[in-house]
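One file, my_file.cif, is given below (mmCIF, C-alpha atoms).
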```cif
data_start
#
loop_
_atom_site.label_atom_id
_atom_site.label_comp_id
_atom_site.auth_asym_id
_atom_site.auth_seq_id
_atom_site.Cartn_x
_atom_site.Cartn_y
_atom_site.Cartn_z
CA MET A 3 -15.91 31.09 25.18
CA ALA A 4 -18.93 28.77 24.82
CA LYS A 5 -17.16 27.07 21.88
CA LYS A 6 -14.01 26.50 23.98
CA LYS A 7 -16.15 25.08 26.80
CA ASN A 8 -17.87 22.78 24.31
CA ILE A 9 -14.57 21.51 22.93
CA GLY A 10 -13.27 21.03 26.46
CA SER A 11 -16.31 19.01 27.48
CA ILE A 12 -16.03 16.87 24.32
CA ILE A 13 -12.38 16.13 25.07
CA PHE A 14 -13.20 15.33 28.68
CA SER A 15 -16.03 12.97 27.67
CA ALA A 16 -13.78 11.28 25.13
CA ALA A 17 -11.12 10.75 27.79
CA ILE A 18 -13.66 9.26 30.21
CA PHE A 19 -14.95 6.99 27.44
CA ILE A 20 -11.46 5.73 26.60
CA VAL A 21 -10.61 5.06 30.24
CA LEU A 22 -13.87 3.21 30.95
CA GLU A 23 -13.73 1.25 27.70
CA ILE A 24 -10.17 0.12 28.42
CA ALA A 25 -11.26 -0.95 31.91
CA ALA A 26 -14.18 -2.90 30.43
CA LEU A 27 -11.97 -4.56 27.81
CA ASN A 28 -9.49 -5.46 30.53
CA MET A 29 -12.23 -7.14 32.56
CA LEU A 30 -13.46 -8.93 29.46
CA SER A 31 -10.04 -10.31 28.58
CA HIS A 32 -9.37 -11.43 32.17
CA ASN A 33 -12.70 -13.18 32.59
CA GLY A 34 -13.11 -14.90 29.25
CA GLU A 35 -10.53 -17.21 27.68
CA LEU A 36 -12.06 -16.89 24.21
CA GLN A 37 -12.32 -13.13 24.48
CA ASN A 38 -8.73 -12.94 25.73
CA ASN A 39 -7.48 -14.81 22.65
CA TRP A 40 -9.72 -12.78 20.37
CA LEU A 41 -8.47 -9.48 21.79
CA ALA A 42 -4.85 -10.66 21.57
CA ARG A 43 -5.31 -11.68 17.90
CA SER A 44 -7.05 -8.39 17.12
CA SER A 45 -4.35 -6.29 18.77
CA HIS A 46 -1.64 -8.23 16.90
CA ALA A 47 -3.47 -7.64 13.62
CA ILE A 48 -3.86 -3.92 14.35
CA ASN A 49 -0.19 -3.61 15.37
CA ALA A 50 0.88 -5.40 12.20
CA ALA A 51 -1.28 -3.11 10.07
CA VAL A 52 -0.05 0.08 11.76
CA TRP A 53 3.65 -0.83 11.87
CA GLY A 54 3.48 -2.42 8.44
CA THR A 55 2.02 0.77 6.95
CA SER A 56 4.62 2.99 8.63
CA GLU A 57 7.36 0.60 7.50
CA ARG A 58 6.07 0.72 3.91
CA ILE A 59 6.01 4.52 4.01
CA SER A 60 9.56 4.81 5.35
CA HIS A 61 10.70 2.10 2.90
CA TYR A 62 9.18 4.10 0.02
CA PHE A 63 11.16 7.20 1.01
CA SER A 64 14.35 5.18 1.24
CA LEU A 65 13.86 3.56 -2.17
CA LYS A 66 15.99 6.16 -3.95
CA ARG A 67 18.99 5.42 -1.71
CA GLU A 68 18.37 1.67 -1.99
CA ASN A 69 18.19 1.98 -5.75
CA GLU A 70 21.52 3.80 -5.87
CA ASP A 71 23.09 1.21 -3.56
CA LEU A 72 21.83 -1.63 -5.73
CA ALA A 73 23.04 0.04 -8.93
CA MET A 74 26.52 0.49 -7.43
CA GLU A 75 26.57 -3.12 -6.23
CA ASN A 76 25.46 -4.25 -9.68
CA TYR A 77 28.25 -2.23 -11.27
CA HIS A 78 30.89 -3.77 -8.99
CA LEU A 79 29.55 -7.29 -9.59
CA LEU A 80 29.64 -6.75 -13.34
CA GLN A 81 33.21 -5.52 -13.04
CA GLU A 82 34.09 -8.72 -11.18
CA LEU A 83 32.31 -10.77 -13.81
CA ARG A 84 34.23 -9.04 -16.60
CA LYS A 85 37.51 -9.80 -14.82
CA TYR A 86 36.63 -13.50 -14.68
CA GLN A 87 35.52 -13.44 -18.32
CA ASP A 88 38.84 -11.79 -19.25
CA LEU A 89 40.68 -14.48 -17.30
CA GLU A 90 38.74 -17.12 -19.20
CA VAL A 91 39.76 -15.58 -22.53
CA GLU A 92 43.34 -15.12 -21.31
CA MET A 93 43.54 -18.83 -20.51
CA GLU A 94 42.25 -19.61 -24.00
CA TYR A 95 44.19 -17.01 -26.02
CA GLY A 96 47.08 -16.12 -23.65
CA ASP A 97 46.84 -12.41 -24.52
CA VAL A 98 45.62 -10.01 -21.86
CA GLU A 99 46.43 -6.59 -23.28
CA THR A 100 44.12 -6.69 -26.28
CA ILE A 101 41.16 -7.68 -24.13
CA ARG A 102 41.62 -5.54 -21.09
CA ASN A 103 41.57 -2.19 -22.85
CA PHE A 104 38.33 -0.74 -21.49
CA THR A 105 37.74 1.50 -18.49
CA TYR A 106 34.27 1.47 -16.90
CA ILE A 107 32.71 4.43 -15.11
CA HIS A 108 29.39 4.16 -13.27
CA SER A 109 26.97 7.03 -13.84
CA SER A 110 23.33 7.98 -13.37
CA ILE A 111 20.98 9.67 -15.82
CA ILE A 112 19.80 13.13 -14.86
CA LYS A 113 17.86 13.97 -18.01
CA HIS A 114 16.44 11.72 -20.68
CA SER A 115 14.27 12.07 -23.77
CA THR A 116 12.38 9.15 -25.28
CA ASN A 117 9.71 10.67 -27.48
CA LYS A 118 11.72 12.20 -30.31
CA GLN A 119 13.40 10.79 -33.40
CA HIS A 120 16.78 11.95 -32.08
CA ASN A 121 16.77 11.08 -28.41
CA TYR A 122 19.48 11.85 -25.92
CA MET A 123 20.35 11.66 -22.26
CA ILE A 124 22.55 13.63 -19.91
CA LEU A 125 24.74 11.85 -17.35
CA ASP A 126 26.01 13.15 -14.03
CA LYS A 127 29.67 12.51 -14.85
CA GLY A 128 31.87 14.53 -17.18
CA ALA A 129 35.44 15.21 -18.24
CA ASP A 130 36.61 15.63 -14.66
CA ASP A 131 35.49 12.05 -13.99
CA GLY A 132 37.42 10.69 -16.95
CA ILE A 133 34.66 10.53 -19.57
CA ARG A 134 35.67 11.30 -23.14
CA ASN A 135 33.77 12.07 -26.32
CA GLY A 136 33.06 8.97 -28.33
CA SER A 137 32.83 6.66 -25.30
CA GLY A 138 30.21 3.94 -25.33
CA VAL A 139 27.42 3.79 -22.75
CA ILE A 140 26.10 0.39 -21.68
CA THR A 141 24.11 -1.43 -19.02
CA ALA A 142 24.09 -5.11 -18.05
CA ASN A 143 21.34 -5.62 -20.63
CA GLY A 144 22.82 -3.90 -23.62
CA THR A 145 24.14 -0.75 -25.23
CA ILE A 146 22.56 2.59 -24.52
CA GLY A 147 24.43 5.02 -26.73
CA VAL A 148 27.57 7.03 -27.36
CA VAL A 149 28.92 10.08 -25.54
CA HIS A 150 28.59 12.97 -27.96
CA ALA A 151 29.84 15.86 -25.82
CA THR A 152 31.23 16.40 -22.34
CA SER A 153 31.51 19.29 -19.96
CA ARG A 154 33.46 19.23 -16.71
CA HIS A 155 30.69 17.46 -14.76
CA TYR A 156 28.17 16.25 -17.31
CA SER A 157 28.03 14.22 -20.50
CA TYR A 158 25.63 14.40 -23.42
CA VAL A 159 24.84 10.95 -24.82
CA MET A 160 23.22 10.20 -28.14
CA THR A 161 21.10 7.19 -27.25
CA PHE A 162 20.37 4.14 -29.36
CA ASN A 163 16.82 5.54 -29.81
CA ASN A 164 18.23 7.88 -32.38
CA LYS A 165 17.90 7.66 -36.17
CA ASP A 166 21.61 8.38 -36.64
CA MET A 167 22.84 5.68 -34.27
CA VAL A 168 24.32 2.43 -35.61
CA ILE A 169 25.86 -0.45 -33.62
CA SER A 170 27.79 -3.35 -35.07
CA ALA A 171 25.98 -6.50 -33.94
CA ARG A 172 26.28 -10.23 -34.40
CA ILE A 173 23.74 -13.07 -34.23
CA GLY A 174 25.09 -15.42 -31.57
CA LYS A 175 28.70 -15.19 -30.46
CA GLU A 176 30.09 -16.41 -33.76
CA GLY A 177 27.38 -15.56 -36.28
CA ALA A 178 27.05 -13.06 -39.08
CA VAL A 179 27.63 -9.35 -38.39
CA GLY A 180 25.47 -6.45 -39.48
CA PRO A 181 24.46 -2.91 -38.51
CA LEU A 182 21.83 -2.63 -35.78
CA THR A 183 19.66 0.50 -35.85
CA TRP A 184 16.63 1.72 -33.98
CA ASP A 185 13.28 0.92 -35.61
CA GLY A 186 11.96 4.41 -34.77
CA ILE A 187 8.76 3.07 -33.23
CA THR A 188 9.27 1.67 -29.71
CA THR A 189 12.04 2.08 -27.15
CA ARG A 190 12.83 -1.66 -27.38
CA GLY A 191 12.60 -2.13 -31.12
CA ALA A 192 15.60 -2.43 -33.47
CA MET A 193 16.45 -3.68 -36.96
CA LEU A 194 19.50 -5.80 -37.87
CA ARG A 195 20.34 -5.50 -41.52
CA GLU A 196 22.75 -6.87 -44.14
CA ILE A 197 22.76 -10.39 -42.74
CA PRO A 198 23.61 -12.72 -45.64
CA HIS A 199 20.61 -14.74 -46.75
CA ASN A 200 22.47 -18.03 -46.22
CA THR A 201 23.08 -17.32 -42.52
CA PRO A 202 21.39 -19.90 -40.27
CA PHE A 203 19.49 -18.44 -37.34
CA GLU A 204 16.20 -18.88 -35.54
CA GLU A 205 13.69 -16.65 -33.83
CA GLY A 206 14.79 -16.17 -30.22
CA ASP A 207 18.54 -16.25 -30.92
CA THR A 208 20.48 -13.68 -28.95
CA VAL A 209 22.11 -10.73 -30.67
CA TYR A 210 25.45 -9.46 -29.24
CA THR A 211 27.84 -6.61 -29.91
CA SER A 212 30.37 -7.77 -32.47
CA GLY A 213 33.35 -5.97 -30.95
CA PHE A 214 34.22 -4.62 -34.41
CA SER A 215 33.53 -1.08 -33.27
CA ALA A 216 36.02 0.54 -30.93
CA LEU A 217 33.17 1.87 -28.82
CA PHE A 218 31.80 -1.28 -27.18
CA PRO A 219 33.39 -4.48 -25.93
CA ALA A 220 32.47 -7.66 -27.77
CA ASP A 221 29.72 -10.07 -26.70
CA LEU A 222 27.49 -7.62 -24.86
CA PRO A 223 23.94 -9.03 -25.11
CA LEU A 224 21.63 -6.68 -26.97
CA GLY A 225 18.36 -8.48 -27.65
CA THR A 226 16.67 -11.40 -29.33
CA VAL A 227 15.86 -12.16 -32.95
CA GLY A 228 12.24 -11.70 -34.01
CA SER A 229 10.58 -11.86 -37.42
CA ASN A 230 12.60 -11.34 -40.56
CA ARG A 231 12.33 -10.72 -44.30
CA ILE A 232 14.68 -10.93 -47.26
CA VAL A 233 15.59 -7.61 -48.81
CA ASN A 234 16.62 -7.35 -52.46
CA GLY A 235 16.93 -11.13 -52.58
CA ALA A 236 20.35 -10.88 -50.95
CA SER A 237 20.19 -10.19 -47.25
CA TYR A 238 17.97 -10.48 -44.24
CA GLU A 239 16.36 -7.59 -42.43
CA ILE A 240 15.67 -8.89 -38.93
CA LYS A 241 13.55 -7.37 -36.18
CA VAL A 242 15.33 -7.41 -32.83
CA LYS A 243 13.67 -6.97 -29.46
CA LEU A 244 16.17 -5.26 -27.17
CA PHE A 245 16.72 -6.53 -23.63
CA GLU A 246 16.99 -3.04 -22.26
CA ASP A 247 14.02 -0.68 -22.37
CA LEU A 248 15.63 2.73 -22.68
CA ALA A 249 12.57 4.39 -21.21
CA ASN A 250 13.24 2.71 -17.83
CA VAL A 251 17.01 3.08 -17.52
CA ARG A 252 18.25 5.02 -14.46
CA TYR A 253 21.91 3.98 -14.12
CA VAL A 254 24.46 3.29 -16.84
CA THR A 255 28.16 2.46 -17.26
CA VAL A 256 30.38 4.52 -19.54
CA VAL A 257 32.90 2.37 -21.39
CA ILE A 258 36.13 4.07 -22.42
CA ASN A 259 38.39 2.33 -24.87
CA ASN A 260 41.89 3.09 -23.58
CA GLU A 261 43.33 2.59 -27.06
CA MET A 262 40.79 4.76 -28.83
CA ASP A 263 43.37 7.44 -29.64
CA GLU A 264 45.69 4.94 -31.30
CA ILE A 265 42.81 3.48 -33.32
CA ARG A 266 41.70 6.94 -34.47
CA GLU A 267 45.23 7.91 -35.46
CA LEU A 268 45.51 4.73 -37.49
CA GLU A 269 42.20 5.43 -39.21
CA GLU A 270 43.20 9.02 -40.02
CA GLU A 271 46.55 7.88 -41.34
CA ALA A 272 44.88 5.28 -43.54
CA THR A 273 42.32 7.86 -44.75
CA ASN A 274 45.01 10.45 -45.53
CA GLU A 275 47.05 7.95 -47.48
CA ASP A 276 43.97 7.23 -49.61
CA MET B 28 -36.64 10.12 32.20
CA LYS B 29 -37.52 12.38 35.07
CA THR B 30 -35.12 12.73 37.97
CA ASN B 31 -37.58 11.71 40.66
CA VAL B 32 -37.52 8.71 42.95
CA ASN B 33 -40.16 6.82 41.00
CA SER B 34 -38.18 7.03 37.82
CA TRP B 35 -34.99 5.77 39.48
CA ALA B 36 -36.94 2.95 41.06
CA LEU B 37 -38.23 2.01 37.61
CA TYR B 38 -34.66 2.14 36.32
CA LEU B 39 -33.49 -0.29 38.99
CA LEU B 40 -36.51 -2.48 38.35
CA PHE B 41 -35.70 -2.74 34.70
CA MET B 42 -32.12 -3.63 35.60
CA ALA B 43 -33.51 -6.50 37.69
CA VAL B 44 -35.72 -7.51 34.75
CA GLN B 45 -32.61 -7.62 32.58
CA LEU B 46 -30.89 -9.87 35.13
CA VAL B 47 -33.86 -12.23 35.17
CA MET B 48 -34.02 -12.33 31.38
CA THR B 49 -30.31 -13.01 31.11
CA ASN B 50 -30.28 -15.77 33.72
CA TYR B 51 -33.59 -17.54 33.15
CA LEU B 52 -35.13 -16.58 29.83
CA HIS B 53 -33.42 -18.29 26.89
CA LEU B 54 -35.67 -18.08 23.85
CA SER B 55 -33.16 -19.32 21.30
CA GLN B 56 -29.46 -19.35 20.66
CA PHE B 57 -30.19 -16.76 17.95
CA VAL B 58 -31.89 -14.30 20.28
CA THR B 59 -30.07 -12.20 22.87
CA LEU B 60 -32.51 -10.32 25.09
CA SER B 61 -31.38 -6.89 26.25
CA ILE B 62 -33.12 -3.71 27.32
CA LEU B 63 -29.96 -1.99 28.57
CA PRO B 64 -29.61 0.39 25.57
CA ALA B 65 -33.11 1.73 26.25
CA LEU B 66 -32.23 2.33 29.92
CA ILE B 67 -29.22 4.39 28.93
CA MET B 68 -31.06 6.32 26.22
CA CYS B 69 -33.79 7.20 28.73
CA LEU B 70 -31.38 8.82 31.20
CA PRO B 71 -32.21 12.50 31.73
CA LEU B 72 -31.01 14.68 28.86
CA SER B 73 -29.54 17.11 31.39
CA PHE B 74 -26.92 14.47 32.22
CA ALA B 75 -23.56 15.21 30.58
CA PRO B 76 -22.07 12.47 28.37
CA TRP B 77 -19.47 11.52 30.98
CA VAL B 78 -22.21 11.05 33.58
CA ALA B 79 -24.15 8.80 31.20
CA MET B 80 -20.96 6.81 30.59
CA LEU B 81 -20.47 6.28 34.31
CA PHE B 82 -24.08 5.09 34.56
CA ALA B 83 -23.52 2.78 31.59
CA PHE B 84 -20.36 1.39 33.17
CA ALA B 85 -22.07 0.75 36.50
CA THR B 86 -25.19 -0.73 34.90
CA GLY B 87 -23.26 -2.98 32.55
CA LEU B 88 -20.93 -4.14 35.31
CA THR B 89 -23.85 -4.94 37.64
CA VAL B 90 -25.60 -7.02 34.98
CA ASP B 91 -22.34 -8.78 34.06
CA PHE B 92 -21.59 -9.53 37.71
CA PHE B 93 -24.94 -11.05 38.58
CA ALA B 94 -25.73 -12.68 35.27
CA GLU B 95 -24.28 -15.73 33.61
CA GLY B 96 -21.56 -14.98 31.18
CA VAL B 97 -18.36 -13.10 30.92
CA ILE B 98 -17.81 -10.05 33.12
CA GLY B 99 -17.24 -7.00 31.00
CA LEU B 100 -19.32 -8.06 27.98
CA ASN B 101 -22.33 -5.82 28.61
CA THR B 102 -20.06 -3.03 29.85
CA VAL B 103 -17.96 -3.00 26.68
CA ALA B 104 -21.08 -2.85 24.51
CA LEU B 105 -23.00 -0.34 26.64
CA LEU B 106 -20.33 2.37 26.90
CA PRO B 107 -20.51 3.33 23.20
CA VAL B 108 -24.29 3.63 23.58
CA ALA B 109 -23.74 6.23 26.32
CA ALA B 110 -21.17 7.98 24.12
CA ILE B 111 -23.52 8.35 21.16
CA ARG B 112 -26.64 9.07 23.23
CA LEU B 113 -26.74 12.85 22.86
CA PRO B 114 -25.50 12.94 19.23
CA VAL B 115 -28.22 10.46 18.19
CA ILE B 116 -30.96 12.41 19.97
CA SER B 117 -29.66 15.64 18.51
CA LEU B 118 -29.60 14.10 15.02
CA VAL B 119 -33.08 12.55 15.13
CA ILE B 120 -35.07 14.83 17.39
CA GLY B 121 -33.05 18.03 17.32
CA SER B 122 -30.69 19.86 19.63
CA ASP B 123 -33.55 21.92 21.07
CA ALA B 124 -34.68 18.99 23.18
CA ILE B 125 -31.20 18.65 24.69
CA GLU B 126 -30.82 22.38 25.35
CA ARG B 127 -34.21 22.50 27.09
CA GLY B 128 -33.62 19.20 28.90
CA MET B 129 -36.94 17.84 27.58
CA ASP B 130 -37.22 14.06 27.36
CA PHE B 131 -38.46 12.45 24.18
CA ASN B 132 -41.66 10.41 24.11
CA PHE B 133 -44.12 8.92 21.64
CA LYS B 134 -46.72 11.67 21.87
CA LYS B 135 -44.38 14.63 21.59
CA ASN B 136 -41.93 13.33 18.97
CA GLY B 137 -43.90 10.68 17.14
CA PRO B 138 -43.37 6.90 16.97
CA ALA B 139 -41.00 7.11 13.99
CA LYS B 140 -38.46 9.35 15.70
CA VAL B 141 -38.66 7.48 18.99
CA THR B 142 -38.15 4.19 17.12
CA MET B 143 -35.10 5.63 15.32
CA VAL B 144 -33.64 6.98 18.58
CA THR B 145 -34.03 3.49 20.07
CA PHE B 146 -32.90 1.57 16.96
CA ILE B 147 -29.51 3.23 16.42
CA PRO B 148 -28.05 2.62 19.92
CA LEU B 149 -29.54 -0.87 19.97
CA PHE B 150 -27.82 -1.58 16.64
CA VAL B 151 -24.47 -0.43 18.03
CA PHE B 152 -24.95 -2.36 21.29
CA LEU B 153 -25.88 -5.65 19.62
CA PHE B 154 -23.10 -5.32 17.04
CA ILE B 155 -20.43 -4.98 19.71
CA TYR B 156 -22.03 -7.50 22.09
CA ILE B 157 -22.44 -10.26 19.50
CA ALA B 158 -18.94 -9.67 18.07
CA ALA B 159 -17.36 -9.80 21.53
CA ASP B 160 -19.45 -12.77 22.63
CA GLY B 161 -18.57 -14.77 19.53
CA ALA B 162 -14.87 -13.81 19.84
CA GLY B 163 -14.23 -14.83 16.25
CA MET B 164 -15.24 -18.44 16.91
CA ARG B 165 -18.75 -18.35 15.47
CA PRO B 166 -19.38 -18.41 11.71
CA PHE B 167 -20.34 -15.17 10.05
CA TRP B 168 -23.84 -16.35 9.07
CA PHE B 169 -24.58 -17.32 12.68
CA ASN B 170 -23.59 -13.88 13.95
CA CYS B 171 -25.68 -12.20 11.26
CA ALA B 172 -28.72 -14.34 12.07
CA ARG B 173 -28.30 -13.74 15.78
CA PHE B 174 -27.91 -10.00 15.19
CA ALA B 175 -31.02 -9.74 13.02
CA ALA B 176 -33.22 -11.82 15.33
CA SER B 177 -31.99 -10.06 18.46
CA LEU B 178 -32.45 -6.64 16.90
CA ALA B 179 -36.05 -7.38 16.00
CA VAL B 180 -37.00 -8.76 19.42
CA ASP B 181 -35.00 -6.24 21.46
CA LEU B 182 -36.34 -3.26 19.54
CA PHE B 183 -39.84 -4.22 20.62
CA LEU B 184 -38.73 -4.67 24.23
CA CYS B 185 -36.76 -1.41 24.26
CA LEU B 186 -39.69 0.56 22.87
CA MET B 187 -41.81 -0.74 25.74
CA VAL B 188 -39.10 0.39 28.20
CA VAL B 189 -38.99 3.83 26.58
CA LYS B 190 -42.78 4.08 26.76
CA THR B 191 -42.58 3.31 30.49
CA LEU B 192 -39.60 5.47 31.44
CA ASN B 193 -40.56 8.41 29.22
CA PRO B 194 -44.32 8.46 29.46
CA ASP B 195 -46.42 10.84 27.36
CA ASP B 196 -46.85 14.25 29.05
CA ARG B 197 -50.19 14.66 30.83
CA ARG B 198 -52.29 17.56 29.65
#
```
Translate the structure described by the file into structure tokens.
Amino acid sequence: MAKKKNIGSIIFSAAIFIVLEIAALNMLSHNGELQNNWLARSSHAINAAVWGTSERISHYFSLKRENEDLAMENYHLLQELRKYQDLEVEMEYGDVETIRNFTYIHSSIIKHSTNKQHNYMILDKGADDGIRNGSGVITANGTIGVVHATSRHYSYVMTFNNKDMVISARIGKEGAVGPLTWDGITTRGAMLREIPHNTPFEEGDTVYTSGFSALFPADLPLGTVGSNRIVNGASYEIKVKLFEDLANVRYVTVVINNEMDEIRELEEEATNED
Amino acid sequence: MKTNVNSWALYLLFMAVQLVMTNYLHLSQFVTLSILPALIMCLPLSFAPWVAMLFAFATGLTVDFFAEGVIGLNTVALLPVAAIRLPVISLVIGSDAIERGMDFNFKKNGPAKVTMVTFIPLFVFLFIYIAADGAGMRPFWFNCARFAASLAVDLFLCLMVVKTLNPDDRR
């Protein structure tokens, strides 16, 4: 009872203090020009701090939705860009069908490993969404991997950070082609091999997908050329720094070659004949 | 402070002294003379915090009204002194004194404790007063110098007020 009375008296005293202090501040601001400006500046600064903090907190909790919105917008913009690039090639080569043979499906990563020698990721889209085994997975900054297995709603992707993964890559848009593999050390490190020793290139040149594999469209930027060495006196082994850091990827695009079945049938037929 | 007529007369007298100091005694632009915190701290300990705040409001407003300067300046700075009055006394001297309603003085509590009980509210008062008076227009070093000089001079004055309002108990 005494404790309740004590708390009550503290609250009452605090209320009286606030009322009297506000009255005093009011008198001060009305009777002094300098103090009026000072109080106005101080209240603006306090308001800015309070509302700014609450805005930052609510912005933080809306970041996930904003991120998803931005990824979707990015995907649509890239689709538009690809259409214009296709038009550009069509005007040059006059052949649309051989270029426009990829379907793109936007997806997000729900599970991802980066610390093993055989890394993988799981996507939130599966067979019901049109994804097929053997489809490529890319972002605006490069290739991510290949779909290894699908269920109805999910896909298992073998990422580029995998010792068994090889991508056909080219130095520049018309340079020599070689296999690009993960260096096994960092998430952005790769090695481009079997580049003929007479191939001209410089450090900083961009490496692209060659388009020789049915998995990925041609001319996707992958990374930049770093240091190099000659292997067996015949070819270059070149370090490549990838544009995309696989450890930070959240959203990807699955690329489905619409003529993959025909290409596979042709390969099987050729193999059987041998 | 005792609740007899003599003590209240002394209280009003010291308020008049404060008015005279504010209007006519300008030692330096770095020194602000004020004994108001001591007046509030010497109010009877039986007074509840809200009563002390009302006294602080009335005292500060009276000094502001009759003295040169901005109305509300002393009031704004004096109210927090009234708010922290009992907690400071409880912290330095002990809650026994408040429960028994016994005033503090030099003989009973010692000069160190009385000085501390006077110093803390004076610190708070001068901090708020100088900040509000400067209104962000004075440089930081000026405010610091004014604060330090005022604190030193006013502490001496306030201790004299405490000695007068809370005299040592007669044997």
Q.
as a ChimeraX atom specification, could you give me every residue of chain B near chain A (at most 7 Å apart, counting all atoms listed in the file)?
A. /B:76-77,80,97-100,102-103,106,159,162-163
Q | For Ile120 (chain B), the nearest of the candidates B:Phe152, B:Phe57, B:Phe133, B:Trp168, counting all atoms listed in the file | A |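 Comparing B:Phe152, B:Phe57, B:Phe133, B:Trp168 against Ile120 (chain B), the winner is B:Phe133.
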Q. Which is closest to Ala43 (chain B) among B:Ala139, B:Thr89, B:Leu72, B:Ala79, if we use all atoms listed in the file?
A.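 Smallest separation from Ala43 (chain B) among the options: B:Thr89.
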To test your reading of the syntax: which residues would the PyMOL selection byres ((chain A and resi 228) around 9) return for the file shown? Reply as a PDB file with C-alpha atoms, in the coordinates of the input.
```pdb
ATOM      1  CA  GLU A 204      16.200 -18.880 -35.540  1.00  0.00           C
ATOM      2  CA  GLU A 205      13.690 -16.650 -33.830  1.00  0.00           C
ATOM      3  CA  GLY A 206      14.790 -16.170 -30.220  1.00  0.00           C
ATOM      4  CA  ASP A 207      18.540 -16.250 -30.920  1.00  0.00           C
ATOM      5  CA  THR A 226      16.670 -11.400 -29.330  1.00  0.00           C
ATOM      6  CA  VAL A 227      15.860 -12.160 -32.950  1.00  0.00           C
ATOM      7  CA  SER A 229      10.580 -11.860 -37.420  1.00  0.00           C
ATOM      8  CA  ASN A 230      12.600 -11.340 -40.560  1.00  0.00           C
ATOM      9  CA  ILE A 240      15.670  -8.890 -38.930  1.00  0.00           C
ATOM     10  CA  LYS A 241      13.550  -7.370 -36.180  1.00  0.00           C
ATOM     11  CA  VAL A 242      15.330  -7.410 -32.830  1.00  0.00           C
ATOM     12  CA  LYS A 243      13.670  -6.970 -29.460  1.00  0.00           C
TER      13      LYS A 243
END
```
Q: Work out how far apart CA of Thr105 (chain A) and CA of Ile258 (chain A) are and give it in Å to one decimal.
A: 5.0 Å
(Q) Running the PyMOL selection byres ((chain A and resi 137-142) around 10) on this model by hand, what would come out? Give it as an MDAnalysis selection string. (A) chainID A and resid 76:77 80 104:109 133:136 143:151 159:162 215:219 222:224 245:246 251:260 262
Q: Could you expand the PyMOL selection byres ((chain B and resi 124) around 12) into the explicit residues it covers here, written as a PyMOL selection string?
A: chain B and resi 71-73+113-123+125-132+135-136
**Q.** Residue nearest Asn121 (chain A) among A:Ala47, A:Val179, A:Leu268, A:Met167 (counting all atoms listed in the file)
**A.** A:Met167
Q. So how far away is CA of Pro148 (chain B) from CA of Leu178 (chain B), in Å?
A.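 Between CA of Leu178 (chain B) and CA of Pro148 (chain B) the gap is 10.7 Å.
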Q | For Gly87 (chain B): contacts at 7 Å, only C-alpha atoms, fewer than 3 positions along chain excluded, given as a list in words | A | Ala83, Phe84, Val90, Asp91, Asn101, Thr102 and Leu105 of chain B
Q.
One number please: CA of Val209 (chain A) to CA of Ile169 (chain A), in Å, one decimal.
A.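 Between CA of Val209 (chain A) and CA of Ile169 (chain A) the gap works out to 11.3 Å.
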Taking all atoms of region 126-137 of chain A that the file lists and extending 6 Å past them on each side, where is the centre of the axis-aligned box and how long are its edges? Answer in Å to one decimal, as JSON.
```
{"center_x": 31.7, "center_y": 11.1, "center_z": -21.2, "size_x": 23.4, "size_y": 21.0, "size_z": 26.3}
```
Q) Can you tell me, as a list of chain:residue names, which residues sit within 10 Å of (-26.4, -9.0, 39.3) in the file's frame, using all atoms listed in the file? A)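 The distance filter leaves exactly B:Met42, B:Ala43, B:Gln45, B:Leu46, B:Val47, B:Thr49, B:Asn50, B:Thr86, B:Gly87, B:Leu88, B:Thr89, B:Val90, B:Asp91, B:Phe92, B:Phe93, B:Ala94, B:Glu95.
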Q) So which residues touch Asn170 (chain B) within 8 Å, counting all atoms listed in the file, skipping near sequence neighbours fewer than 5 positions away, as a VMD selection string? A) chain B and resid 157 to 158 161 165
(Q) Given all atoms listed in the file as the basis, pick out the residue of B:Asp160, B:Lys134, B:Val44, B:Val78 nearest to Gly96 (chain B). (A)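 Of B:Asp160, B:Lys134, B:Val44, B:Val78, the one nearest Gly96 (chain B) is B:Asp160, counting all atoms listed in the file.
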Q) Of the residues B:Ile111, B:Pro64, B:Asn33, B:Leu40, which is the one nearest to Thr145 (chain B), using all atoms listed in the file? A) B:Pro64
Q. Nearest to Phe74 (chain B) among B:Arg112, B:Trp35, B:Tyr51, B:Asp195, with distances taken over all atoms listed in the file: which residue is it?
A. B:Arg112
Q) At a cut-off of 7 Å from (20.2, 0.1, -34.1) in the coordinates of the file, what residues are picked up using all atoms listed in the file, written as a ChimeraX atom specification? A) /A:162,167-169,181-184,192-193
